[in-house]
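Source file: my_file_0.cif (mmCIF, C-alpha atoms and all ligand atoms)
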data_input
loop_
_atom_site.label_atom_id
_atom_site.label_comp_id
_atom_site.auth_asym_id
_atom_site.auth_seq_id
_atom_site.Cartn_x
_atom_site.Cartn_y
_atom_site.Cartn_z
CA MET A 1354 54.42 305.89 216.65
CA GLN A 1355 57.38 303.55 216.70
CA PHE A 1356 60.62 303.68 214.75
CA VAL A 1357 60.28 299.97 213.90
CA ASN A 1358 56.98 298.37 214.90
CA LEU A 1359 58.04 294.87 215.92
CA GLN A 1360 54.90 294.23 217.96
CA ALA A 1361 52.62 294.69 214.95
CA GLN A 1362 54.77 292.26 212.98
CA TYR A 1363 54.60 289.70 215.78
CA GLN A 1364 50.82 290.00 215.98
CA ALA A 1365 50.58 289.38 212.23
CA TYR A 1366 52.59 286.13 212.40
CA LYS A 1367 51.83 285.20 216.01
CA ASN A 1368 50.30 281.78 215.40
CA GLU A 1369 53.11 280.61 213.15
CA ILE A 1370 55.86 282.01 215.36
CA ASP A 1371 54.40 280.61 218.57
CA GLU A 1372 54.04 277.21 216.96
CA ALA A 1373 57.60 277.20 215.60
CA MET A 1374 59.02 278.20 219.00
CA GLN A 1375 56.86 275.66 220.79
CA GLN A 1376 58.24 272.95 218.54
CA VAL A 1377 61.79 273.78 219.61
CA LEU A 1378 60.71 273.67 223.26
CA ASP A 1379 58.99 270.33 222.76
CA GLU A 1380 61.99 268.85 220.94
CA GLY A 1381 64.47 270.29 223.43
CA SER A 1382 67.01 270.78 220.65
CA PHE A 1383 68.15 274.23 221.70
CA ILE A 1384 71.57 274.39 220.07
CA LEU A 1385 72.08 273.66 216.35
CA GLY A 1386 68.76 271.81 216.23
CA PRO A 1387 66.65 271.02 213.16
CA ALA A 1388 65.32 274.60 212.99
CA VAL A 1389 68.88 275.86 212.51
CA ARG A 1390 69.61 273.44 209.63
CA GLU A 1391 66.30 274.38 208.07
CA LEU A 1392 67.11 278.07 208.33
CA GLU A 1393 70.52 277.57 206.71
CA GLU A 1394 68.91 275.82 203.75
CA ASN A 1395 66.32 278.58 203.51
CA LEU A 1396 69.00 281.29 203.63
CA SER A 1397 70.94 279.64 200.83
CA LEU A 1398 67.80 279.29 198.69
CA PHE A 1399 66.70 282.85 199.39
CA THR A 1400 70.03 284.52 198.59
CA GLY A 1401 71.26 282.09 195.95
CA ALA A 1402 74.57 281.79 197.82
CA PRO A 1403 75.76 278.17 197.61
CA TYR A 1404 76.63 278.05 201.33
CA ALA A 1405 74.92 279.74 204.26
CA LEU A 1406 75.90 279.28 207.89
CA SER A 1407 73.97 280.79 210.78
CA CYS A 1408 75.75 282.29 213.76
CA ALA A 1409 75.14 284.23 216.95
CA SER A 1410 75.27 287.80 215.58
CA GLY A 1411 76.28 289.97 212.67
CA THR A 1412 79.41 290.83 214.63
CA ASP A 1413 80.40 287.16 214.97
CA ALA A 1414 79.63 286.71 211.27
CA LEU A 1415 82.22 289.38 210.43
CA TRP A 1416 84.80 287.74 212.67
CA LEU A 1417 84.10 284.31 211.14
CA ALA A 1418 84.46 285.53 207.56
CA LEU A 1419 87.66 287.51 208.23
CA THR A 1420 89.20 284.68 210.24
CA ALA A 1421 88.25 282.04 207.67
CA TRP A 1422 90.22 284.05 205.11
CA ASP A 1423 93.19 284.11 207.55
CA ILE A 1424 93.10 287.87 207.91
CA GLY A 1425 95.15 288.96 210.90
CA PRO A 1426 98.10 291.00 212.17
CA GLY A 1427 99.93 292.91 209.43
CA ASP A 1428 97.00 292.79 207.03
CA GLU A 1429 94.88 295.70 205.86
CA VAL A 1430 91.21 295.65 204.96
CA ILE A 1431 89.67 298.53 203.04
CA THR A 1432 86.23 299.54 204.28
CA THR A 1433 83.88 302.47 204.75
CA PRO A 1434 84.03 304.87 207.69
CA PHE A 1435 80.26 305.36 207.41
CA THR A 1436 78.86 302.18 208.93
CA PHE A 1437 78.10 300.62 212.29
CA PHE A 1438 81.20 300.22 214.45
CA ALA A 1439 81.26 296.39 214.23
CA THR A 1440 82.49 296.43 210.62
CA ALA A 1441 85.84 298.00 211.49
CA GLU A 1442 85.84 296.65 215.02
CA MET A 1443 86.02 293.04 213.82
CA ILE A 1444 88.77 293.86 211.30
CA ALA A 1445 90.74 295.31 214.20
CA LEU A 1446 89.88 292.42 216.51
CA THR A 1447 91.55 289.95 214.12
CA GLY A 1448 94.70 292.07 214.49
CA ALA A 1449 94.38 293.57 211.01
CA THR A 1450 94.07 297.29 210.26
CA PRO A 1451 90.90 298.81 208.85
CA VAL A 1452 91.76 301.29 206.11
CA PHE A 1453 88.95 303.77 205.64
CA CYS A 1454 87.98 304.88 202.15
CA ASP A 1455 85.54 307.75 201.78
CA VAL A 1456 81.96 307.26 200.59
CA ARG A 1457 80.19 308.86 197.64
CA GLU A 1458 77.57 311.58 197.92
CA SER A 1459 74.71 309.81 196.16
CA ASP A 1460 74.10 306.82 198.46
CA LEU A 1461 76.88 307.15 201.06
CA ASN A 1462 78.30 303.77 200.03
CA LEU A 1463 82.02 303.21 199.31
CA ASP A 1464 83.29 305.53 196.58
CA VAL A 1465 84.79 302.95 194.22
CA THR A 1466 86.88 305.59 192.46
CA LYS A 1467 88.85 306.07 195.69
CA ILE A 1468 89.50 302.40 196.55
CA GLU A 1469 92.63 301.81 194.47
CA GLU A 1470 94.58 304.65 196.05
CA LYS A 1471 94.14 302.89 199.41
CA ILE A 1472 95.66 299.60 198.26
CA THR A 1473 99.12 298.75 199.64
CA PRO A 1474 101.19 295.53 199.60
CA ARG A 1475 99.47 294.67 202.90
CA THR A 1476 95.91 294.93 201.62
CA ARG A 1477 94.10 291.59 201.72
CA ALA A 1478 90.41 292.39 201.41
CA ILE A 1479 87.77 294.97 200.57
CA MET A 1480 84.75 295.08 202.86
CA PRO A 1481 81.87 297.02 201.31
CA VAL A 1482 78.77 297.67 203.44
CA GLY A 1483 75.32 297.95 201.88
CA LEU A 1484 74.40 301.04 203.88
CA TYR A 1485 70.69 301.60 204.67
CA GLY A 1486 69.83 298.45 202.67
CA GLN A 1487 71.47 299.23 199.32
CA PRO A 1488 74.31 297.05 198.04
CA CYS A 1489 77.44 298.85 196.80
CA GLU A 1490 78.67 298.81 193.20
CA MET A 1491 79.75 295.22 193.62
CA ASP A 1492 80.85 294.59 190.00
CA LYS A 1493 83.30 297.45 190.11
CA ILE A 1494 84.56 296.43 193.54
CA GLU A 1495 84.99 292.84 192.38
CA LYS A 1496 86.97 294.04 189.37
CA ILE A 1497 89.36 296.05 191.54
CA ALA A 1498 89.72 293.11 193.93
CA LYS A 1499 90.54 290.67 191.09
CA LYS A 1500 93.12 293.01 189.62
CA HIS A 1501 94.94 293.24 192.96
CA GLY A 1502 94.40 289.69 194.23
CA LEU A 1503 92.05 290.70 197.06
CA VAL A 1504 88.94 289.06 198.43
CA VAL A 1505 85.62 290.91 198.75
CA ILE A 1506 83.68 290.40 201.98
CA GLU A 1507 80.29 292.07 201.87
CA ASP A 1508 78.92 293.30 205.20
CA ALA A 1509 75.26 292.86 204.32
CA ALA A 1510 73.93 293.40 207.85
CA GLN A 1511 71.62 296.09 206.46
CA SER A 1512 71.11 294.78 202.92
CA PHE A 1513 69.95 291.18 203.40
CA GLY A 1514 67.26 290.63 200.76
CA ALA A 1515 68.35 293.54 198.58
CA SER A 1516 69.54 292.97 195.04
CA TYR A 1517 72.18 294.32 192.73
CA LYS A 1518 71.77 293.60 188.99
CA GLN A 1519 69.05 291.03 189.82
CA LYS A 1520 71.36 289.13 192.16
CA ARG A 1521 70.78 289.07 195.88
CA SER A 1522 73.04 290.66 198.45
CA CYS A 1523 75.08 287.96 200.27
CA ASN A 1524 75.67 286.25 196.91
CA LEU A 1525 77.68 289.05 195.31
CA SER A 1526 81.15 288.13 196.60
CA GLU A 1527 83.34 285.28 197.86
CA LEU A 1528 82.22 285.93 201.43
CA ALA A 1529 79.32 287.89 202.91
CA THR A 1530 77.85 288.43 206.35
CA THR A 1531 74.52 289.58 207.72
CA SER A 1532 72.77 290.32 211.00
CA PHE A 1533 69.35 289.34 212.30
CA PHE A 1534 69.35 291.87 215.15
CA PRO A 1535 65.64 292.58 215.85
CA ALA A 1536 65.54 295.98 214.14
CA LYS A 1537 67.31 294.86 210.94
CA PRO A 1538 65.14 294.32 207.87
CA LEU A 1539 64.93 290.61 208.76
CA GLY A 1540 65.26 290.32 212.52
CA CYS A 1541 64.92 287.61 215.14
CA TYR A 1542 63.98 287.96 218.81
CA GLY A 1543 67.47 288.31 220.17
CA ASP A 1544 70.85 288.28 218.48
CA GLY A 1545 71.55 286.34 215.32
CA GLY A 1546 73.56 286.47 212.12
CA ALA A 1547 74.82 284.48 209.16
CA VAL A 1548 77.80 284.09 206.86
CA PHE A 1549 77.63 283.20 203.18
CA CYS A 1550 80.31 281.85 200.87
CA GLN A 1551 80.95 280.37 197.47
CA SER A 1552 83.18 277.43 198.43
CA GLU A 1553 82.76 274.35 200.57
CA LYS A 1554 86.25 274.82 201.96
CA LEU A 1555 85.40 278.19 203.50
CA TYR A 1556 82.04 276.92 204.68
CA LYS A 1557 83.65 274.00 206.52
CA LYS A 1558 86.20 276.28 208.13
CA MET A 1559 83.58 278.76 209.30
CA GLU A 1560 81.40 275.94 210.59
CA SER A 1561 84.34 274.82 212.68
CA LEU A 1562 85.31 278.34 213.82
CA ARG A 1563 81.72 278.91 214.93
CA ASN A 1564 82.01 275.97 217.31
CA HIS A 1565 85.37 276.43 219.09
CA GLY A 1566 87.36 275.40 216.04
CA GLN A 1567 86.18 271.81 216.39
CA ILE A 1568 86.33 269.48 213.41
CA ALA A 1569 85.00 266.62 215.51
CA ARG A 1570 83.81 266.55 219.08
CA TYR A 1571 86.70 267.69 221.32
CA THR A 1572 89.08 267.78 218.37
CA HIS A 1573 90.02 271.42 217.90
CA GLU A 1574 91.71 272.44 214.68
CA TYR A 1575 91.50 276.22 215.11
CA ILE A 1576 91.04 278.89 217.76
CA GLY A 1577 87.37 279.65 217.33
CA ILE A 1578 84.45 280.99 219.32
CA ASN A 1579 81.04 279.96 220.58
CA GLY A 1580 79.24 281.68 217.72
CA ARG A 1581 76.26 279.35 217.34
CA MET A 1582 72.70 280.51 216.72
CA ASP A 1583 69.97 279.40 219.14
CA SER A 1584 67.35 277.08 217.68
CA LEU A 1585 64.65 279.42 219.04
CA GLN A 1586 66.01 282.29 216.97
CA ALA A 1587 66.20 280.06 213.90
CA ALA A 1588 62.56 279.04 214.43
CA VAL A 1589 61.50 282.69 214.49
CA LEU A 1590 63.55 283.46 211.40
CA ASN A 1591 62.12 280.55 209.41
CA VAL A 1592 58.66 282.03 209.86
CA LYS A 1593 59.69 285.62 209.20
CA LEU A 1594 61.76 284.67 206.15
CA SER A 1595 58.70 283.06 204.56
CA HIS A 1596 56.98 286.48 204.66
CA TYR A 1597 60.03 288.56 203.88
CA GLU A 1598 59.60 289.01 200.10
CA LYS A 1599 56.21 290.52 200.69
CA GLU A 1600 57.67 292.77 203.38
CA ILE A 1601 60.39 293.96 201.01
CA GLU A 1602 57.66 295.03 198.58
CA VAL A 1603 55.84 296.90 201.31
CA ARG A 1604 59.05 298.55 202.51
CA ASN A 1605 59.66 299.77 198.97
CA ALA A 1606 56.13 301.14 198.77
CA VAL A 1607 56.66 302.96 202.07
CA ALA A 1608 59.93 304.40 200.74
CA GLN A 1609 58.16 305.54 197.57
CA GLY A 1610 55.55 307.23 199.76
CA TYR A 1611 58.28 309.17 201.58
CA ASN A 1612 60.04 310.01 198.29
CA LYS A 1613 56.86 311.45 196.87
CA GLY A 1614 55.78 313.27 200.01
CA LEU A 1615 59.18 314.83 200.62
CA ALA A 1616 60.21 315.56 197.03
CA GLY A 1617 61.40 319.07 196.28
CA LEU A 1618 61.30 320.35 199.86
CA ALA A 1619 63.79 323.11 200.55
CA GLY A 1620 66.65 321.84 202.72
CA ILE A 1621 65.56 318.18 202.65
CA GLN A 1622 67.36 315.68 200.46
CA VAL A 1623 65.62 312.33 199.92
CA PRO A 1624 67.74 309.18 199.45
CA GLU A 1625 68.93 308.17 196.00
CA VAL A 1626 68.83 304.55 194.84
CA SER A 1627 70.90 303.58 191.82
CA LYS A 1628 69.13 301.88 188.91
CA GLU A 1629 70.80 298.50 189.29
CA VAL A 1630 69.75 298.17 192.94
CA GLU A 1631 66.61 297.11 194.79
CA SER A 1632 66.92 298.34 198.36
CA VAL A 1633 65.39 296.71 201.44
CA TRP A 1634 65.33 300.08 203.19
CA ALA A 1635 67.00 299.09 206.42
CA GLN A 1636 66.69 302.82 206.99
CA TYR A 1637 64.88 305.57 205.18
CA THR A 1638 67.40 308.35 205.69
CA VAL A 1639 67.09 311.94 204.56
CA ARG A 1640 69.75 314.63 204.67
CA CYS A 1641 69.13 318.03 206.16
CA ALA A 1642 71.66 320.78 206.86
CA ASP A 1643 69.70 321.61 210.05
CA ARG A 1644 69.52 318.00 211.16
CA GLU A 1645 69.46 318.84 214.87
CA GLY A 1646 66.59 321.26 214.32
CA LEU A 1647 64.58 318.75 212.31
CA GLN A 1648 65.20 315.95 214.78
CA GLN A 1649 64.20 318.08 217.74
CA PHE A 1650 61.06 319.27 215.94
CA LEU A 1651 60.00 315.69 215.15
CA THR A 1652 60.82 314.46 218.67
CA GLU A 1653 58.63 317.19 220.18
CA LYS A 1654 55.76 316.03 217.96
CA GLY A 1655 56.22 312.41 219.05
CA VAL A 1656 57.95 311.10 215.92
CA PRO A 1657 60.91 308.83 216.71
CA THR A 1658 64.01 309.28 214.53
CA ALA A 1659 67.61 308.08 214.64
CA VAL A 1660 71.01 309.17 213.38
CA HIS A 1661 72.95 306.55 211.43
CA TYR A 1662 75.70 307.58 212.16
CA PRO A 1663 76.68 310.72 214.10
CA LYS A 1664 80.44 310.05 213.99
CA PRO A 1665 82.35 308.32 211.19
CA LEU A 1666 84.53 305.46 212.36
CA HIS A 1667 87.85 307.16 211.61
CA MET A 1668 86.83 309.76 214.22
CA GLN A 1669 86.10 307.14 216.90
CA THR A 1670 88.76 306.93 219.63
CA PRO A 1671 90.24 303.48 218.83
CA PHE A 1672 90.85 304.44 215.20
CA LEU A 1673 91.72 308.07 215.85
CA VAL A 1674 94.59 307.19 218.18
CA CYS A 1675 96.57 305.47 215.43
CA GLY A 1676 97.21 308.96 214.01
CA THR A 1677 96.37 308.12 210.40
CA TYR A 1678 93.19 310.18 210.34
CA ARG A 1679 92.10 313.59 211.51
CA LYS A 1680 89.14 315.87 210.97
CA GLY A 1681 88.85 316.45 207.24
CA SER A 1682 90.48 313.15 206.20
CA LEU A 1683 87.25 311.72 204.77
CA PRO A 1684 85.12 314.78 204.04
CA VAL A 1685 82.08 313.16 202.41
CA ALA A 1686 81.48 310.84 205.38
CA GLU A 1687 82.14 313.64 207.87
CA LYS A 1688 79.65 315.96 206.22
CA ALA A 1689 77.01 313.22 205.99
CA ALA A 1690 77.42 312.43 209.70
CA GLY A 1691 76.14 315.93 210.49
CA GLU A 1692 73.17 315.77 208.13
CA VAL A 1693 71.60 312.29 208.08
CA LEU A 1694 68.33 311.52 209.81
CA SER A 1695 66.48 308.19 209.63
CA LEU A 1696 62.68 308.25 209.72
CA PRO A 1697 60.28 305.57 210.99
CA MET A 1698 60.45 302.69 208.51
CA CYS A 1699 59.00 299.19 208.54
CA ALA A 1700 56.38 297.15 206.73
CA TRP A 1701 53.88 297.94 209.51
CA ILE A 1702 53.87 301.72 209.56
CA LYS A 1703 50.27 302.89 209.07
CA PRO A 1704 49.50 305.21 206.13
CA SER A 1705 48.18 307.74 208.65
CA GLU A 1706 51.45 307.61 210.59
CA GLN A 1707 53.53 308.09 207.48
CA GLU A 1708 51.31 310.99 206.41
CA GLU A 1709 51.86 312.59 209.79
CA VAL A 1710 55.65 312.31 209.44
CA ILE A 1711 55.52 313.78 205.94
CA ASP A 1712 53.23 316.65 206.96
CA LEU A 1713 55.46 317.53 209.88
CA ILE A 1714 58.61 317.58 207.72
CA ARG A 1715 56.81 319.73 205.15
CA ALA A 1716 55.82 322.12 207.90
CA PHE A 1717 59.40 322.23 209.17
CA ALA A 1718 60.79 322.89 205.68
CA LYS A 1719 58.55 325.94 205.18
C1 LIG B 1 74.01 295.78 212.78
C2 LIG B 1 75.29 295.77 212.02
C3 LIG B 1 76.35 294.92 212.37
C4 LIG B 1 76.36 294.09 213.63
O1 LIG B 1 75.35 293.15 213.72
P1 LIG B 1 74.96 292.55 215.17
O2 LIG B 1 74.03 291.43 214.81
O3 LIG B 1 74.30 293.63 215.94
O4 LIG B 1 76.20 292.05 215.79
C5 LIG B 1 77.47 294.90 211.57
N1 LIG B 1 77.56 295.69 210.49
C6 LIG B 1 76.58 296.54 210.13
C7 LIG B 1 76.74 297.36 208.90
C8 LIG B 1 75.41 296.62 210.90
O5 LIG B 1 74.45 297.48 210.54
#

Encoding of this model in structure tokens:
Amino acid sequence: MQFVNLQAQYQAYKNEIDEAMQQVLDEGSFILGPAVRELEENLSLFTGAPYALSCASGTDALWLALTAWDIGPGDEVITTPFTFFATAEMIALTGATPVFCDVRESDLNLDVTKIEEKITPRTRAIMPVGLYGQPCEMDKIEKIAKKHGLVVIEDAAQSFGASYKQKRSCNLSELATTSFFPAKPLGCYGDGGAVFCQSEKLYKKMESLRNHGQIARYTHEYIGINGRMDSLQAAVLNVKLSHYEKEIEVRNAVAQGYNKGLAGLAGIQVPEVSKEVESVWAQYTVRCADREGLQQFLTEKGVPTAVHYPKPLHMQTPFLVCGTYRKGSLPVAEKAAGEVLSLPMCAWIKPSEQEEVIDLIRAFAK
């Protein structure tokens, strides 16, 4: 059994993917070729965001969005400590300071009732992360941001394709970013990412930042990066995106299967999804007080699992050394870090495999 079965997915779309990649090879347009433009149009149509720009990774996407908003030294960005490192890493890389706000118990997303107490005169942005594929309470976050003159930048690396109040993730804020890392809900065959925005001005700036700050060939307006997406990755994504809605449905059915199979087990807490959200289930993550025991038990039986994430970001060395945080600073995130366990999840898990995982967890819970 695999945690994410990428081979089965490739076999299902093999003809289309091979053909799309072959076309790039035949054209020889490896950088920012037609497949990339096509993908950007498709991403905008799919999310509803007026502007979509591809880039080399979800990490670059974060840097592009923050930099386009001129976030840098002296600024503060409020974000969650319970996310992948890149979220806070890119805030810090711009020279700004990530300010960690604790998460809420139900879905481990930003606790919006705790955001305002983190706002200072230096705060410039709020960066919510749609953890495990579920967007945050974006309306409430937007309201707080408006009141204090802040921008919202959604890190949708895990929630691309999800919706909140019938609107798609990546179109819920001024700026949004996503990742197409292979194991993400929509993944390519290498690194890839995208940024989304509501204004042409930001789009143009990010387009330039993505390509060494050029506004014309060898005319550099900004300090940028080489953050371009390969045409080969775009070709893969165009094919996979055309099947993605169907996959989201299947992922939800798989999640329902887990919910049903694991409901009411002593010591196992299944994930909660709020009513206004459709998740893409980047992870199906349960909570268990004896997480180590459960993980070891499943590993011995050949079931792959993962911990997202074992250490909240305020406890990681680069953020710990600033002295602002210590053990106990953000208790909900810290407790979750010791209890979460992600189970095999993708559109290609076989019913028999899922049954096996459920049976094993039921046996463990007894
Ligand atoms: C995966 C991920 C990223 C980084 O994306 P890459 O494409 O791997 O650079 C950033 N933020 C979150 C929340 C992620 O899950």

Inset, instruction - Mind checking which residues fall within 8 Å of region 1602-1608 of chain A, counting all atoms listed in the file, ignoring those fewer than 2 positions away in the same chain, and posting them as a VMD selection string? - result: chain A and resid 1598 to 1600 1610 to 1612 1632 to 1634 1637 1698 to 1700

Legend entry - Pairwise distance for CA of Glu1391 (chain A) and CA of Thr1420 (chain A), rounded to one decimal in Å: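 Answer for the CA of Glu1391 (chain A) to CA of Thr1420 (chain A) separation: 25.2 Å.
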
Could you list the protein, DNA and RNA residues that have any atom within 10 Å of ligand LIG 1 (chain B), counting all atoms listed in the file, and write them as a short mmCIF file (atom, residue, chain, number, x, y, z; two decimals) with C-alpha atoms, keeping the file's coordinate frame?
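Generated file (pocket03.cif):
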data_model
loop_
_atom_site.label_atom_id
_atom_site.label_comp_id
_atom_site.auth_asym_id
_atom_site.auth_seq_id
_atom_site.Cartn_x
_atom_site.Cartn_y
_atom_site.Cartn_z
CA CYS A 1408 75.75 282.29 213.76
CA ALA A 1409 75.14 284.23 216.95
CA SER A 1410 75.27 287.80 215.58
CA GLY A 1411 76.28 289.97 212.67
CA THR A 1412 79.41 290.83 214.63
CA ASP A 1413 80.40 287.16 214.97
CA ALA A 1414 79.63 286.71 211.27
CA LEU A 1415 82.22 289.38 210.43
CA THR A 1433 83.88 302.47 204.75
CA PHE A 1435 80.26 305.36 207.41
CA THR A 1436 78.86 302.18 208.93
CA PHE A 1437 78.10 300.62 212.29
CA PHE A 1438 81.20 300.22 214.45
CA ALA A 1439 81.26 296.39 214.23
CA THR A 1440 82.49 296.43 210.62
CA ALA A 1441 85.84 298.00 211.49
CA GLU A 1442 85.84 296.65 215.02
CA MET A 1443 86.02 293.04 213.82
CA PRO A 1481 81.87 297.02 201.31
CA VAL A 1482 78.77 297.67 203.44
CA GLY A 1483 75.32 297.95 201.88
CA LEU A 1484 74.40 301.04 203.88
CA TYR A 1485 70.69 301.60 204.67
CA GLY A 1486 69.83 298.45 202.67
CA GLU A 1507 80.29 292.07 201.87
CA ASP A 1508 78.92 293.30 205.20
CA ALA A 1509 75.26 292.86 204.32
CA ALA A 1510 73.93 293.40 207.85
CA GLN A 1511 71.62 296.09 206.46
CA SER A 1512 71.11 294.78 202.92
CA THR A 1530 77.85 288.43 206.35
CA THR A 1531 74.52 289.58 207.72
CA SER A 1532 72.77 290.32 211.00
CA PHE A 1533 69.35 289.34 212.30
CA PHE A 1534 69.35 291.87 215.15
CA PRO A 1535 65.64 292.58 215.85
CA ALA A 1536 65.54 295.98 214.14
CA LYS A 1537 67.31 294.86 210.94
CA GLY A 1540 65.26 290.32 212.52
CA CYS A 1541 64.92 287.61 215.14
CA GLY A 1543 67.47 288.31 220.17
CA ASP A 1544 70.85 288.28 218.48
CA GLY A 1545 71.55 286.34 215.32
CA GLY A 1546 73.56 286.47 212.12
CA ALA A 1547 74.82 284.48 209.16
CA ALA A 1635 67.00 299.09 206.42
CA HIS A 1661 72.95 306.55 211.43
#

Inset, instruction - May I ask which of the residues A:Asp1423, A:Glu1393, A:Glu1380, A:Glu1527 is the closest one to Leu1590 (chain A), counting only C-alpha atoms? - result: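 For Leu1590 (chain A), the nearest of the candidates is A:Glu1393.
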
Legend entry - Surrounding residues of Lys1471 (chain A) excluding itself and chain neighbours under 6 positions, 9 Å, all atoms listed in the file, as a list in words: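 In the requested form, the answer reads Ile1431, Val1452, Phe1453 and Cys1454 of chain A.
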
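Separating CA of Trp1416 (chain A) from CA of Cys1489 (chain A) is a distance of 20.7 Å.
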
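Residues within 12 Å of His1596 (chain A), counting only C-alpha atoms and excluding same-chain residues fewer than 6 positions away, are Gln1362, Tyr1363, Ala1365, Tyr1366, Glu1369, Ile1370, Phe1399, Gly1514, Pro1538, Leu1539, Val1589, Leu1590, Glu1602, Val1603 and Ala1700 of chain A.
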
Please output region 1484-1499 of chain A, rebuilt to include N, CA and C atoms, as a JSON list (two decimals), in the frame of the given file.
[["chain", "number", "residue", "atom", "x", "y", "z"],
["A", 1484, "LEU", "N", 74.97, 300.12, 202.89],
["A", 1484, "LEU", "CA", 74.40, 301.04, 203.88],
["A", 1484, "LEU", "C", 72.91, 301.29, 203.62],
["A", 1485, "TYR", "N", 72.14, 301.31, 204.70],
["A", 1485, "TYR", "CA", 70.69, 301.60, 204.67],
["A", 1485, "TYR", "C", 69.92, 300.60, 203.80],
["A", 1486, "GLY", "N", 70.56, 299.46, 203.44],
["A", 1486, "GLY", "CA", 69.83, 298.45, 202.67],
["A", 1486, "GLY", "C", 70.13, 298.41, 201.19],
["A", 1487, "GLN", "N", 71.11, 299.23, 200.75],
["A", 1487, "GLN", "CA", 71.47, 299.23, 199.32],
["A", 1487, "GLN", "C", 72.85, 298.66, 199.09],
["A", 1488, "PRO", "N", 72.97, 297.58, 198.33],
["A", 1488, "PRO", "CA", 74.31, 297.05, 198.04],
["A", 1488, "PRO", "C", 75.17, 298.10, 197.32],
["A", 1489, "CYS", "N", 76.48, 297.98, 197.49],
["A", 1489, "CYS", "CA", 77.44, 298.85, 196.80],
["A", 1489, "CYS", "C", 77.54, 298.45, 195.32],
["A", 1490, "GLU", "N", 78.41, 299.16, 194.60],
["A", 1490, "GLU", "CA", 78.67, 298.81, 193.20],
["A", 1490, "GLU", "C", 79.58, 297.58, 193.17],
["A", 1491, "MET", "N", 78.97, 296.42, 193.36],
["A", 1491, "MET", "CA", 79.75, 295.22, 193.62],
["A", 1491, "MET", "C", 80.57, 294.76, 192.42],
["A", 1492, "ASP", "N", 80.08, 294.99, 191.19],
["A", 1492, "ASP", "CA", 80.85, 294.59, 190.00],
["A", 1492, "ASP", "C", 82.17, 295.34, 189.94],
["A", 1493, "LYS", "N", 82.09, 296.63, 190.17],
["A", 1493, "LYS", "CA", 83.30, 297.45, 190.11],
["A", 1493, "LYS", "C", 84.27, 297.08, 191.24],
["A", 1494, "ILE", "N", 83.71, 296.81, 192.41],
["A", 1494, "ILE", "CA", 84.56, 296.43, 193.54],
["A", 1494, "ILE", "C", 85.23, 295.09, 193.28],
["A", 1495, "GLU", "N", 84.46, 294.16, 192.71],
["A", 1495, "GLU", "CA", 84.99, 292.84, 192.38],
["A", 1495, "GLU", "C", 86.13, 292.95, 191.37],
["A", 1496, "LYS", "N", 85.96, 293.85, 190.42],
["A", 1496, "LYS", "CA", 86.97, 294.04, 189.37],
["A", 1496, "LYS", "C", 88.29, 294.56, 189.98],
["A", 1497, "ILE", "N", 88.17, 295.51, 190.87],
["A", 1497, "ILE", "CA", 89.36, 296.05, 191.54],
["A", 1497, "ILE", "C", 90.02, 294.94, 192.36],
["A", 1498, "ALA", "N", 89.20, 294.18, 193.08],
["A", 1498, "ALA", "CA", 89.72, 293.11, 193.93],
["A", 1498, "ALA", "C", 90.48, 292.07, 193.09],
["A", 1499, "LYS", "N", 89.89, 291.66, 191.98],
["A", 1499, "LYS", "CA", 90.54, 290.67, 191.09],
["A", 1499, "LYS", "C", 91.89, 291.18, 190.62]]
